[in-house]
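What follows is the content of entry19.pdb, which has PDB, C-alpha atoms and all ligand atoms:
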```pdb
ATOM      1  CA  MET A   1       0.000   0.000   0.000
ATOM      2  CA  PRO A   2       1.424   3.427  -0.861
ATOM      3  CA  SER A   3       2.097   5.321   2.345
ATOM      4  CA  ARG A   4       1.696   8.624   0.606
ATOM      5  CA  ILE A   5       0.817  10.063  -2.760
ATOM      6  CA  ALA A   6       2.536  13.109  -4.159
ATOM      7  CA  GLU A   7       1.988  14.946  -7.399
ATOM      8  CA  GLY A   8       4.634  14.772 -10.118
ATOM      9  CA  PRO A   9       4.030  18.182 -11.684
ATOM     10  CA  ALA A  10       6.388  18.140 -14.607
ATOM     11  CA  CYS A  11       5.312  15.082 -16.579
ATOM     12  CA  GLY A  12       1.835  15.182 -15.106
ATOM     13  CA  ARG A  13       2.040  11.806 -13.373
ATOM     14  CA  ARG A  14       1.013  10.808  -9.886
ATOM     15  CA  LEU A  15       3.848   9.353  -7.892
ATOM     16  CA  PHE A  16       3.567   6.622  -5.311
ATOM     17  CA  PHE A  17       6.241   6.561  -2.651
ATOM     18  CA  LEU A  18       6.739   3.587  -0.406
ATOM     19  CA  GLY A  19       7.815   4.291   3.190
ATOM     20  CA  SER A  20      11.574   4.442   3.715
ATOM     21  CA  ARG A  21      12.293   3.956   0.028
ATOM     22  CA  GLN A  22      10.674   7.312  -0.541
ATOM     23  CA  ARG A  23      13.416   8.969   1.493
ATOM     24  CA  SER A  24      16.087   7.132  -0.454
ATOM     25  CA  ALA A  25      14.602   8.172  -3.797
ATOM     26  CA  ARG A  26      14.122  11.746  -2.679
ATOM     27  CA  GLN A  27      17.683  11.923  -1.362
ATOM     28  CA  ALA A  28      19.033  10.765  -4.707
ATOM     29  CA  ILE A  29      17.147  13.482  -6.514
ATOM     30  CA  ASN A  30      17.994  16.224  -4.037
ATOM     31  CA  GLN A  31      21.666  15.345  -4.264
ATOM     32  CA  GLY A  32      21.483  15.653  -8.040
ATOM     33  CA  ARG A  33      22.577  12.086  -8.634
ATOM     34  CA  LEU A  34      19.652  11.307 -10.881
ATOM     35  CA  GLN A  35      20.159  14.046 -13.411
ATOM     36  CA  THR A  36      21.884  11.741 -15.867
ATOM     37  CA  LEU A  37      20.224   8.618 -14.655
ATOM     38  CA  TRP A  38      20.451   6.708 -17.862
ATOM     39  CA  ASP A  39      24.190   7.044 -18.513
ATOM     40  CA  GLY A  40      26.880   4.759 -17.204
ATOM     41  CA  GLU A  41      28.424   7.329 -14.881
ATOM     42  CA  THR A  42      25.292   7.730 -12.818
ATOM     43  CA  ARG A  43      24.496   4.065 -13.027
ATOM     44  CA  SER A  44      27.580   3.319 -10.926
ATOM     45  CA  ALA A  45      26.585   5.941  -8.365
ATOM     46  CA  LEU A  46      23.203   4.345  -8.147
ATOM     47  CA  HIS A  47      24.702   0.972  -7.273
ATOM     48  CA  GLN A  48      25.011   2.315  -3.758
ATOM     49  CA  HIS A  49      21.253   2.267  -3.501
ATOM     50  CA  HIS A  50      18.995  -0.600  -2.750
ATOM     51  CA  THR A  51      17.669  -1.974  -6.078
ATOM     52  CA  ALA A  52      14.028  -1.326  -5.304
ATOM     53  CA  ALA A  53      14.741   2.216  -4.194
ATOM     54  CA  ARG A  54      16.758   2.729  -7.367
ATOM     55  CA  ASN A  55      13.882   1.627  -9.577
ATOM     56  CA  GLU A  56      11.477   3.916  -7.815
ATOM     57  CA  ALA A  57      13.941   6.749  -8.035
ATOM     58  CA  LYS A  58      14.168   6.301 -11.798
ATOM     59  CA  GLN A  59      10.445   6.799 -12.082
ATOM     60  CA  VAL A  60      10.483   9.791  -9.794
ATOM     61  CA  ALA A  61      13.263  11.434 -11.795
ATOM     62  CA  PHE A  62      11.539  10.706 -15.072
ATOM     63  CA  ALA A  63       8.241  12.057 -13.822
ATOM     64  CA  ARG A  64       9.807  15.221 -12.449
ATOM     65  CA  THR A  65      11.588  16.044 -15.661
ATOM     66  CA  PRO A  66       9.627  18.277 -18.038
ATOM     67  CA  VAL A  67       8.416  16.265 -21.002
ATOM     68  CA  HIS A  68      10.660  18.035 -23.459
ATOM     69  CA  GLN A  69      13.691  17.187 -21.324
ATOM     70  CA  CYS A  70      12.839  13.560 -20.650
ATOM     71  CA  TYR A  71      14.735  12.539 -23.735
ATOM     72  CA  THR A  72      17.335  15.246 -24.110
ATOM     73  CA  LYS A  73      18.912  15.352 -20.650
ATOM     74  CA  GLN A  74      18.697  11.604 -20.345
ATOM     75  CA  THR A  75      19.562   9.113 -23.044
ATOM     76  CA  MET A  76      16.492   6.968 -22.363
ATOM     77  CA  THR A  77      14.212   6.950 -25.388
ATOM     78  CA  TYR A  78      11.111   4.876 -25.867
ATOM     79  CA  VAL A  79      11.607   1.849 -28.087
ATOM     80  CA  LEU A  80       8.624   0.801 -30.180
ATOM     81  CA  HIS A  81       8.742  -2.788 -31.381
ATOM     82  CA  TYR A  82       6.832  -2.640 -34.636
ATOM     83  CA  ALA A  83       6.037  -4.315 -37.920
ATOM     84  CA  PRO A  84       4.692  -2.326 -40.862
ATOM     85  CA  ASP A  85       0.918  -1.882 -40.894
ATOM     86  CA  ASN A  86       0.577  -3.847 -37.643
ATOM     87  CA  ALA A  87      -1.110  -2.596 -34.467
ATOM     88  CA  SER A  88       2.140  -0.744 -33.753
ATOM     89  CA  LEU A  89       0.976   1.685 -36.441
ATOM     90  CA  ILE A  90      -1.532   3.128 -33.972
ATOM     91  CA  ILE A  91       1.125   3.741 -31.339
ATOM     92  CA  ARG A  92       3.428   5.257 -33.925
ATOM     93  CA  LEU A  93       0.721   7.677 -35.068
ATOM     94  CA  ALA A  94       0.276   8.815 -31.463
ATOM     95  CA  LEU A  95       4.031   9.172 -30.881
ATOM     96  CA  GLU A  96       4.570  11.030 -34.138
ATOM     97  CA  HIS A  97       1.595  13.302 -33.627
ATOM     98  CA  ARG A  98       2.586  14.174 -30.063
ATOM     99  CA  GLY A  99       6.210  14.682 -31.124
ATOM    100  CA  VAL A 100       7.501  12.168 -28.601
ATOM    101  CA  PRO A 101      10.950  10.841 -29.540
ATOM    102  CA  TYR A 102      11.167   7.077 -29.951
ATOM    103  CA  ARG A 103      13.225   4.459 -31.703
ATOM    104  CA  ALA A 104      11.399   2.053 -34.003
ATOM    105  CA  GLN A 105      12.698  -1.514 -33.677
ATOM    106  CA  LEU A 106      11.561  -3.774 -36.500
ATOM    107  CA  VAL A 107      10.074  -7.146 -35.570
ATOM    108  CA  ASP A 108      10.716  -9.383 -38.549
ATOM    109  CA  ARG A 109       7.382 -11.115 -39.076
ATOM    110  CA  ALA A 110       8.722 -13.034 -42.081
ATOM    111  CA  ARG A 111      10.906 -14.869 -39.537
ATOM    112  CA  ALA A 112       8.143 -14.936 -36.889
ATOM    113  CA  GLU A 113      10.395 -12.897 -34.645
ATOM    114  CA  GLN A 114       7.384 -11.965 -32.495
ATOM    115  CA  SER A 115       7.360 -15.568 -31.269
ATOM    116  CA  SER A 116      11.067 -15.678 -30.386
ATOM    117  CA  PRO A 117      12.103 -16.143 -26.755
ATOM    118  CA  GLY A 118      13.727 -12.682 -26.796
ATOM    119  CA  TYR A 119      10.554 -10.960 -27.913
ATOM    120  CA  ARG A 120       8.420 -13.012 -25.543
ATOM    121  CA  ARG A 121      10.467 -11.633 -22.688
ATOM    122  CA  LEU A 122       8.947  -8.259 -23.635
ATOM    123  CA  ASN A 123       5.486  -9.627 -24.389
ATOM    124  CA  PRO A 124       4.773 -13.219 -23.343
ATOM    125  CA  ASN A 125       1.820 -13.238 -25.753
ATOM    126  CA  GLY A 126       4.159 -12.848 -28.734
ATOM    127  CA  LEU A 127       2.155  -9.948 -30.151
ATOM    128  CA  ILE A 128       3.123  -6.624 -31.697
ATOM    129  CA  PRO A 129       3.396  -3.895 -30.426
ATOM    130  CA  VAL A 130       5.532  -3.434 -27.344
ATOM    131  CA  LEU A 131       6.676  -0.042 -26.116
ATOM    132  CA  GLU A 132       9.730  -0.033 -23.880
ATOM    133  CA  THR A 133       9.465   2.756 -21.325
ATOM    134  CA  PRO A 134      11.216   3.778 -18.110
ATOM    135  CA  GLN A 135       8.451   1.831 -16.364
ATOM    136  CA  GLY A 136       9.346  -1.303 -18.308
ATOM    137  CA  PRO A 137       7.909  -2.840 -21.467
ATOM    138  CA  ILE A 138       4.209  -2.186 -22.052
ATOM    139  CA  PHE A 139       2.141  -4.394 -24.346
ATOM    140  CA  GLU A 140      -1.512  -4.266 -25.437
ATOM    141  CA  THR A 141      -2.276  -1.448 -27.842
ATOM    142  CA  GLY A 142      -4.979   0.109 -25.648
ATOM    143  CA  ALA A 143      -2.745   0.097 -22.566
ATOM    144  CA  ILE A 144       0.141   1.717 -24.428
ATOM    145  CA  LEU A 145      -2.126   4.386 -25.907
ATOM    146  CA  LEU A 146      -3.687   5.248 -22.585
ATOM    147  CA  TRP A 147      -0.293   5.304 -20.892
ATOM    148  CA  LEU A 148       1.055   7.688 -23.537
ATOM    149  CA  ALA A 149      -2.016   9.919 -23.300
ATOM    150  CA  ASP A 150      -1.769  10.129 -19.516
ATOM    151  CA  THR A 151       1.991  10.562 -19.492
ATOM    152  CA  HIS A 152       2.275  13.166 -22.234
ATOM    153  CA  GLY A 153      -1.168  14.754 -22.463
ATOM    154  CA  GLY A 154      -2.672  16.174 -25.630
ATOM    155  CA  LEU A 155      -3.961  12.846 -26.936
ATOM    156  CA  GLY A 156      -7.423  12.745 -25.358
ATOM    157  CA  PRO A 157      -9.369  13.999 -22.335
ATOM    158  CA  ALA A 158      -7.217  14.133 -19.180
ATOM    159  CA  PRO A 159      -8.203  11.967 -16.177
ATOM    160  CA  LYS A 160     -10.236  14.715 -14.508
ATOM    161  CA  ASP A 161     -11.908  15.938 -17.688
ATOM    162  CA  LEU A 162     -15.709  15.639 -17.588
ATOM    163  CA  THR A 163     -15.685  13.803 -20.915
ATOM    164  CA  ARG A 164     -13.141  11.230 -19.780
ATOM    165  CA  GLY A 165     -15.742   8.539 -19.043
ATOM    166  CA  ALA A 166     -17.367   8.776 -22.458
ATOM    167  CA  PHE A 167     -13.959   8.774 -24.112
ATOM    168  CA  LEU A 168     -12.797   5.720 -22.148
ATOM    169  CA  LYS A 169     -15.857   3.650 -22.941
ATOM    170  CA  TRP A 170     -15.295   4.049 -26.662
ATOM    171  CA  LEU A 171     -11.563   3.551 -26.337
ATOM    172  CA  PHE A 172     -12.192   0.273 -24.531
ATOM    173  CA  PHE A 173     -14.871  -0.647 -27.047
ATOM    174  CA  ALA A 174     -12.207  -0.235 -29.723
ATOM    175  CA  SER A 175      -9.626  -2.305 -27.849
ATOM    176  CA  ASN A 176     -11.911  -4.907 -26.230
ATOM    177  CA  THR A 177     -14.481  -5.493 -28.960
ATOM    178  CA  LEU A 178     -13.509  -4.181 -32.368
ATOM    179  CA  HIS A 179      -9.827  -5.070 -32.324
ATOM    180  CA  PRO A 180     -10.201  -8.673 -31.021
ATOM    181  CA  THR A 181     -13.053  -9.311 -33.455
ATOM    182  CA  LEU A 182     -10.875  -8.139 -36.327
ATOM    183  CA  ARG A 183      -8.093 -10.327 -35.022
ATOM    184  CA  MET A 184     -10.327 -13.399 -35.219
ATOM    185  CA  LEU A 185     -11.324 -12.432 -38.758
ATOM    186  CA  PHE A 186      -7.663 -12.127 -39.754
ATOM    187  CA  TYR A 187      -6.419 -15.252 -37.974
ATOM    188  CA  PRO A 188      -9.371 -17.686 -37.678
ATOM    189  CA  GLU A 189      -6.957 -20.623 -37.607
ATOM    190  CA  LYS A 190      -5.794 -19.462 -34.164
ATOM    191  CA  TYR A 191      -9.338 -19.843 -32.830
ATOM    192  CA  ILE A 192     -11.105 -22.638 -34.686
ATOM    193  CA  SER A 193     -10.489 -25.667 -36.904
ATOM    194  CA  PRO A 194     -10.158 -24.935 -40.650
ATOM    195  CA  GLU A 195     -13.530 -26.454 -41.574
ATOM    196  CA  HIS A 196     -15.327 -23.983 -39.318
ATOM    197  CA  ALA A 197     -13.318 -20.915 -40.264
ATOM    198  CA  GLY A 198     -15.793 -19.808 -42.957
ATOM    199  CA  ALA A 199     -18.748 -19.897 -40.554
ATOM    200  CA  LEU A 200     -16.778 -18.027 -37.918
ATOM    201  CA  ARG A 201     -15.842 -15.333 -40.426
ATOM    202  CA  THR A 202     -19.462 -14.905 -41.495
ATOM    203  CA  GLY A 203     -20.517 -14.340 -37.901
ATOM    204  CA  LEU A 204     -17.635 -11.974 -37.225
ATOM    205  CA  LYS A 205     -18.380  -9.818 -40.264
ATOM    206  CA  ALA A 206     -21.931  -9.239 -38.998
ATOM    207  CA  GLN A 207     -20.579  -8.360 -35.529
ATOM    208  CA  LEU A 208     -18.112  -5.937 -37.049
ATOM    209  CA  GLN A 209     -20.750  -4.185 -39.127
ATOM    210  CA  THR A 210     -22.788  -3.622 -35.964
ATOM    211  CA  ALA A 211     -19.708  -2.374 -34.131
ATOM    212  CA  TYR A 212     -18.914   0.115 -36.901
ATOM    213  CA  THR A 213     -22.535   1.294 -36.906
ATOM    214  CA  HIS A 214     -22.233   2.092 -33.183
ATOM    215  CA  LEU A 215     -18.903   3.819 -33.717
ATOM    216  CA  GLU A 216     -20.388   5.841 -36.575
ATOM    217  CA  ALA A 217     -23.198   7.003 -34.284
ATOM    218  CA  ALA A 218     -20.655   8.074 -31.661
ATOM    219  CA  ALA A 219     -18.667  10.012 -34.273
ATOM    220  CA  ALA A 220     -21.854  11.640 -35.603
ATOM    221  CA  GLU A 221     -22.262  13.363 -32.245
ATOM    222  CA  THR A 222     -18.919  15.044 -32.978
ATOM    223  CA  PRO A 223     -17.560  15.059 -29.454
ATOM    224  CA  ASP A 224     -14.260  16.859 -28.874
ATOM    225  CA  TRP A 225     -12.517  13.541 -28.407
ATOM    226  CA  PHE A 226     -13.670  11.657 -31.516
ATOM    227  CA  GLY A 227     -13.349  12.914 -35.075
ATOM    228  CA  ALA A 228     -12.634  16.469 -33.958
ATOM    229  CA  THR A 229      -9.872  18.835 -35.027
ATOM    230  CA  ASN A 230      -7.439  17.694 -32.344
ATOM    231  CA  PRO A 231      -6.913  13.980 -32.899
ATOM    232  CA  THR A 232      -7.000  11.570 -29.982
ATOM    233  CA  ILE A 233      -5.750   8.040 -29.445
ATOM    234  CA  LEU A 234      -9.307   6.870 -30.216
ATOM    235  CA  ASP A 235      -9.113   8.522 -33.636
ATOM    236  CA  PHE A 236      -5.799   6.825 -34.365
ATOM    237  CA  TYR A 237      -7.095   3.455 -33.177
ATOM    238  CA  THR A 238     -10.243   3.790 -35.280
ATOM    239  CA  CYS A 239      -8.635   4.808 -38.546
ATOM    240  CA  ALA A 240      -6.051   2.007 -38.350
ATOM    241  CA  MET A 241      -8.790  -0.590 -37.828
ATOM    242  CA  ILE A 242     -10.758   0.897 -40.714
ATOM    243  CA  ARG A 243      -7.671   0.536 -42.881
ATOM    244  CA  TRP A 244      -7.269  -3.135 -41.958
ATOM    245  CA  SER A 245     -10.992  -3.816 -42.417
ATOM    246  CA  ALA A 246     -10.698  -2.626 -46.008
ATOM    247  CA  LEU A 247      -7.517  -4.627 -46.693
ATOM    248  CA  TYR A 248      -7.368  -7.877 -44.739
ATOM    249  CA  PRO A 249      -7.672 -10.705 -45.237
ATOM    250  CA  ASN A 250      -7.150 -10.505 -48.947
ATOM    251  CA  GLY A 251     -10.372 -11.452 -50.750
ATOM    252  CA  GLU A 252     -12.489 -11.280 -47.563
ATOM    253  CA  THR A 253     -13.201  -7.550 -47.347
ATOM    254  CA  ASP A 254     -16.522  -7.318 -49.181
ATOM    255  CA  TRP A 255     -18.418  -6.847 -45.898
ATOM    256  CA  PHE A 256     -16.787  -3.461 -45.277
ATOM    257  CA  ASP A 257     -17.659  -0.247 -47.105
ATOM    258  CA  LEU A 258     -16.453   2.997 -45.552
ATOM    259  CA  ALA A 259     -19.049   4.949 -47.566
ATOM    260  CA  ARG A 260     -21.679   3.526 -45.202
ATOM    261  CA  TYR A 261     -20.048   5.393 -42.313
ATOM    262  CA  PRO A 262     -19.720   9.038 -43.433
ATOM    263  CA  ASN A 263     -18.566  10.341 -40.050
ATOM    264  CA  LEU A 264     -15.881   7.707 -39.769
ATOM    265  CA  LYS A 265     -14.837   8.532 -43.314
ATOM    266  CA  ARG A 266     -14.563  12.203 -42.357
ATOM    267  CA  LEU A 267     -12.422  11.197 -39.377
ATOM    268  CA  CYS A 268     -10.142   9.129 -41.609
ATOM    269  CA  ALA A 269      -9.836  11.952 -44.136
ATOM    270  CA  HIS A 270      -8.797  14.321 -41.353
ATOM    271  CA  ILE A 271      -6.158  11.940 -39.994
ATOM    272  CA  GLU A 272      -4.760  11.672 -43.527
ATOM    273  CA  THR A 273      -3.955  15.389 -43.460
ATOM    274  CA  LEU A 274      -1.675  15.095 -40.421
ATOM    275  CA  PRO A 275       2.129  15.185 -40.644
ATOM    276  CA  ALA A 276       2.131  12.058 -38.460
ATOM    277  CA  THR A 277       0.358  10.173 -41.230
ATOM    278  CA  ALA A 278       2.789  11.487 -43.838
ATOM    279  CA  ALA A 279       5.680  10.258 -41.690
ATOM    280  CA  LEU A 280       4.185   6.781 -41.528
ATOM    281  CA  GLN A 281       3.313   6.670 -45.196
ATOM    282  CA  THR A 282       7.052   6.958 -45.755
ATOM    283  CA  ALA A 283       8.256   4.798 -42.860
ATOM    284  CA  GLU A 284       5.824   1.923 -43.397
ATOM    285  CA  GLY A 285       4.964   2.284 -47.100
ATOM    286  CA  LEU A 286       1.272   2.926 -46.508
ATOM    287  CA  GLY A 287       0.667   4.589 -49.896
ATOM    288  CA  SER A 288      -1.676   7.485 -50.622
ATOM    289  CA  ASP A 289      -5.061   7.794 -48.849
ATOM    290  CA  PRO A 290      -4.030   5.125 -46.328
ATOM    291  CA  PHE A 291      -7.316   5.273 -44.399
ATOM    292  CA  THR A 292     -10.010   6.378 -46.862
ATOM    293  CA  ASN A 293      -8.781   4.252 -49.768
ATOM    294  CA  PRO A 294      -6.067   1.958 -48.462
ATOM    295  CA  GLN A 295      -3.766  -0.150 -50.578
ATOM    296  CA  PRO A 296      -1.597  -3.003 -49.248
ATOM    297  CA  ALA A 297       1.518  -1.705 -47.541
ATOM    298  CA  ASN A 298       4.754  -1.664 -49.473
ATOM    299  CA  PRO A 299       7.199  -1.091 -46.643
ATOM    300  CA  PRO A 300      10.870  -0.200 -47.126
ATOM    301  CA  GLN A 301      11.698  -2.627 -44.311
ATOM    302  CA  GLY A 302       9.980  -5.697 -42.912
ATOM    303  CA  SER A 303       6.614  -7.159 -43.811
ATOM    304  CA  ALA A 304       3.062  -6.654 -42.604
ATOM    305  CA  THR A 305       2.344 -10.353 -42.166
TER     306      THR A 305
HETATM  307  N1  LIG B   1      -4.392  -7.520 -28.151
HETATM  308  C1  LIG B   1      -3.195  -7.154 -28.854
HETATM  309  C2  LIG B   1      -3.323  -7.590 -30.290
HETATM  310  C3  LIG B   1      -2.104  -7.219 -31.096
HETATM  311  C4  LIG B   1      -2.054  -7.999 -32.405
HETATM  312  O1  LIG B   1      -3.003  -8.647 -32.822
HETATM  313  N2  LIG B   1      -0.892  -7.911 -33.071
HETATM  314  C5  LIG B   1      -0.707  -8.622 -34.307
HETATM  315  C6  LIG B   1      -0.201  -7.692 -35.391
HETATM  316  S1  LIG B   1      -1.375  -6.459 -35.796
HETATM  317  C7  LIG B   1       0.361  -9.663 -34.106
HETATM  318  O2  LIG B   1       1.264  -9.505 -33.340
HETATM  319  N3  LIG B   1       0.234 -10.775 -34.841
HETATM  320  C8  LIG B   1       1.213 -11.807 -34.837
HETATM  321  C9  LIG B   1       0.686 -13.121 -34.347
HETATM  322  O3  LIG B   1      -0.520 -13.239 -34.047
HETATM  323  O4  LIG B   1       1.514 -14.041 -34.275
HETATM  324  C10 LIG B   1      -2.976  -5.648 -28.751
HETATM  325  O5  LIG B   1      -3.947  -4.908 -28.591
HETATM  326  O6  LIG B   1      -1.819  -5.200 -28.805
END
```

Starting from the file, lay out its structure as structure tokens.
Amino acid sequence: MPSRIAEGPACGRRLFFLGSRQRSARQAINQGRLQTLWDGETRSALHQHHTAARNEAKQVAFARTPVHQCYTKQTMTYVLHYAPDNASLIIRLALEHRGVPYRAQLVDRARAEQSSPGYRRLNPNGLIPVLETPQGPIFETGAILLWLADTHGGLGPAPKDLTRGAFLKWLFFASNTLHPTLRMLFYPEKYISPEHAGALRTGLKAQLQTAYTHLEAAAAETPDWFGATNPTILDFYTCAMIRWSALYPNGETDWFDLARYPNLKRLCAHIETLPATAALQTAEGLGSDPFTNPQPANPPQGSAT
């Protein structure tokens, strides 16, 4: 149980201090030993500390550093484990749009690298993406997005915003319903025997159409946090799934027609105007109109499947 909660003003995070370790972490910061936490020099100084206290101190230092300095004063940069046109695309859109520095680490899907023991140490489920952060590796697209939004701000309603609840329910609808249903459509063999795959797909397509109808209705209300001028993590999540619905699996996309969802189409068209999208068109070979009229990715590195 946290003995006390203090506010981390700079990066906007709440900090949890644990009894005596709190003093140790605080001491390290006050003595200036955490300024260059991520380089070798300070690492050796930190060896004097108890390991647990050291880990907490890292988080305290990170949280107290203004966002724009998190990556310049320290050498720690987020690492995004990605494959082109995979769910990592959503995280990358958020990172690019928010201007958060990161390093993109290709997961070679052609060699099933996501299933390797090394990758499974980051994500035991063997799924892309993973974002390595000062708090450790984070997997699950929704979790990463929410963590980025809360850590950096500017990607959706803040925790105390009155619209936060409405925003969260649709974000979780995207991650808990739409995304897993798409996943079953793309990889039925992971869920059912081959002779039943066709029937499963038929059922899933109907479920997805209903899900998109609900999402369209939410977008039609034009809340600030969905399809508005300032894009949110929900916008990024939605337009990526729309892209995949139109593309995958090859020959099985007849159920999806973006023209039936004019507000979602408007959202996609807006996201296509962003510099973040332009950056990813280049980095992942997404082609022109990647959300309103997507074509299969032609990435300079790696493969989508
Ligand atoms: N629930 C996961 C799903 C991620 C997911 O389905 N990733 C796909 C790529 S888009 C993947 O890693 N597929 C490889 C596989 O299933 O082996 C999340 O939200 O991150």

List as a PyMOL selection string the residues having at least one atom at most 7 Å from position (-18.8, -4.2, -44.3) as given in the file, counting only C-alpha atoms. chain A and resi 205+209+254-257

Set the distance at 10 Å and use only C-alpha atoms: which residues neighbour Ala174 (chain A) once local chain neighbours fewer than 4 positions away are removed? I'd like the list as a VMD selection string. chain A and resid 142 168 to 170 178 to 181 211 to 212 215 234 237 to 238 241

Rank nothing, just name the residue among A:Ala149, A:Ala297, A:Ala199, A:Leu89 nearest to Tyr248 (chain A), using only C-alpha atoms. A:Ala297

Using all atoms listed in the file, what does the table of chain A residues within 9 Å of ligand LIG 1 (chain B) look like, with each row giving the shortest atom pair and its distance in Å to one decimal, sorted by chain and ascending number, as a tab-separated table?
```
residue	atom	partner	partner_atom	distance
A:Tyr82	CA	B:LIG1	C6	8.7
A:Ala83	CA	B:LIG1	C6	7.5
A:Pro84	CA	B:LIG1	S1	8.9
A:Asp85	CA	B:LIG1	S1	7.2
A:Asn86	CA	B:LIG1	S1	3.7
A:Ala87	CA	B:LIG1	S1	4.1
A:Ser88	CA	B:LIG1	S1	7.0
A:Leu89	CA	B:LIG1	S1	8.5
A:Arg109	CA	B:LIG1	C8	7.5
A:Ala112	CA	B:LIG1	O4	7.2
A:Glu113	CA	B:LIG1	O4	9.0
A:Gln114	CA	B:LIG1	O4	6.5
A:Ser115	CA	B:LIG1	O4	6.7
A:Asn125	CA	B:LIG1	C1	8.5
A:Gly126	CA	B:LIG1	O4	6.3
A:Leu127	CA	B:LIG1	O2	3.3
A:Ile128	CA	B:LIG1	O2	3.8
A:Pro129	CA	B:LIG1	O6	5.6
A:Val130	CA	B:LIG1	O6	7.7
A:Phe139	CA	B:LIG1	O6	6.0
A:Glu140	CA	B:LIG1	O6	3.5
A:Thr141	CA	B:LIG1	O6	3.9
A:Gly142	CA	B:LIG1	O5	5.9
A:Ala143	CA	B:LIG1	O5	7.9
A:Ile144	CA	B:LIG1	O6	8.4
A:Ser175	CA	B:LIG1	O5	6.3
A:Asn176	CA	B:LIG1	N1	8.2
A:His179	CA	B:LIG1	O5	7.0
A:Pro180	CA	B:LIG1	N1	6.6
A:Leu182	CA	B:LIG1	O1	8.6
A:Arg183	CA	B:LIG1	O1	5.8
A:Tyr187	CA	B:LIG1	O3	7.4
A:Lys190	CA	B:LIG1	O3	8.2
A:Ala304	CA	B:LIG1	C6	8.0
A:Thr305	CA	B:LIG1	C8	7.6
```

Using only C-alpha atoms, the shortest atom-to-atom distance to His97 (chain A) among A:Ala228, A:Ala278, A:Leu204, A:Leu171 belongs to A:Ala278

Applying the PyMOL selection byres (((chain A and resi 106) around 8) and not hetatm) to the file I just gave you, which residues come out? Please list them as a ChimeraX atom specification. /A:81-83,104-105,107-108,301-302

Can you spit out the residues from that selection as a compact mmCIF listing (two decimals), keeping the file's coordinate frame, using C-alpha atoms?
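New file out_20.txt:
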```txt
# COMPACT_ATOMS: atom_id res chain seq x y z
CA HIS A 81 8.74 -2.79 -31.38
CA TYR A 82 6.83 -2.64 -34.64
CA ALA A 83 6.04 -4.32 -37.92
CA ALA A 104 11.40 2.05 -34.00
CA GLN A 105 12.70 -1.51 -33.68
CA VAL A 107 10.07 -7.15 -35.57
CA ASP A 108 10.72 -9.38 -38.55
CA GLN A 301 11.70 -2.63 -44.31
CA GLY A 302 9.98 -5.70 -42.91
```

Atom completion result for region 171-183 of chain A (N, CA and C atoms) as a PDB file, in the coordinates of the input:
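Below is the file out07.pdb, written as the result:
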```pdb
ATOM      1  N   LEU A 171     -12.936   4.055 -26.174  1.00  0.00           N
ATOM      2  CA  LEU A 171     -11.563   3.551 -26.337  1.00  0.00           C
ATOM      3  C   LEU A 171     -11.515   2.054 -26.014  1.00  0.00           C
ATOM      4  N   PHE A 172     -12.188   1.686 -24.918  1.00  0.00           N
ATOM      5  CA  PHE A 172     -12.192   0.273 -24.531  1.00  0.00           C
ATOM      6  C   PHE A 172     -13.061  -0.552 -25.479  1.00  0.00           C
ATOM      7  N   PHE A 173     -14.080   0.055 -26.026  1.00  0.00           N
ATOM      8  CA  PHE A 173     -14.871  -0.647 -27.047  1.00  0.00           C
ATOM      9  C   PHE A 173     -13.962  -0.978 -28.243  1.00  0.00           C
ATOM     10  N   ALA A 174     -13.145   0.000 -28.610  1.00  0.00           N
ATOM     11  CA  ALA A 174     -12.207  -0.235 -29.723  1.00  0.00           C
ATOM     12  C   ALA A 174     -11.237  -1.363 -29.385  1.00  0.00           C
ATOM     13  N   SER A 175     -10.681  -1.330 -28.169  1.00  0.00           N
ATOM     14  CA  SER A 175      -9.626  -2.305 -27.849  1.00  0.00           C
ATOM     15  C   SER A 175     -10.185  -3.649 -27.397  1.00  0.00           C
ATOM     16  N   ASN A 176     -11.367  -3.649 -26.781  1.00  0.00           N
ATOM     17  CA  ASN A 176     -11.911  -4.907 -26.230  1.00  0.00           C
ATOM     18  C   ASN A 176     -12.860  -5.620 -27.176  1.00  0.00           C
ATOM     19  N   THR A 177     -13.482  -4.879 -28.085  1.00  0.00           N
ATOM     20  CA  THR A 177     -14.481  -5.493 -28.960  1.00  0.00           C
ATOM     21  C   THR A 177     -14.025  -5.475 -30.419  1.00  0.00           C
ATOM     22  N   LEU A 178     -13.822  -4.281 -30.936  1.00  0.00           N
ATOM     23  CA  LEU A 178     -13.509  -4.181 -32.368  1.00  0.00           C
ATOM     24  C   LEU A 178     -12.190  -4.873 -32.729  1.00  0.00           C
ATOM     25  N   HIS A 179     -11.150  -4.536 -31.989  1.00  0.00           N
ATOM     26  CA  HIS A 179      -9.827  -5.070 -32.324  1.00  0.00           C
ATOM     27  C   HIS A 179      -9.776  -6.608 -32.209  1.00  0.00           C
ATOM     28  N   PRO A 180     -10.253  -7.200 -31.097  1.00  0.00           N
ATOM     29  CA  PRO A 180     -10.201  -8.673 -31.021  1.00  0.00           C
ATOM     30  C   PRO A 180     -11.085  -9.349 -32.070  1.00  0.00           C
ATOM     31  N   THR A 181     -12.199  -8.703 -32.435  1.00  0.00           N
ATOM     32  CA  THR A 181     -13.053  -9.311 -33.455  1.00  0.00           C
ATOM     33  C   THR A 181     -12.338  -9.304 -34.805  1.00  0.00           C
ATOM     34  N   LEU A 182     -11.668  -8.193 -35.090  1.00  0.00           N
ATOM     35  CA  LEU A 182     -10.875  -8.139 -36.327  1.00  0.00           C
ATOM     36  C   LEU A 182      -9.783  -9.207 -36.306  1.00  0.00           C
ATOM     37  N   ARG A 183      -9.175  -9.350 -35.147  1.00  0.00           N
ATOM     38  CA  ARG A 183      -8.093 -10.327 -35.022  1.00  0.00           C
ATOM     39  C   ARG A 183      -8.578 -11.736 -35.359  1.00  0.00           C
TER      40      ARG A 183
END
```
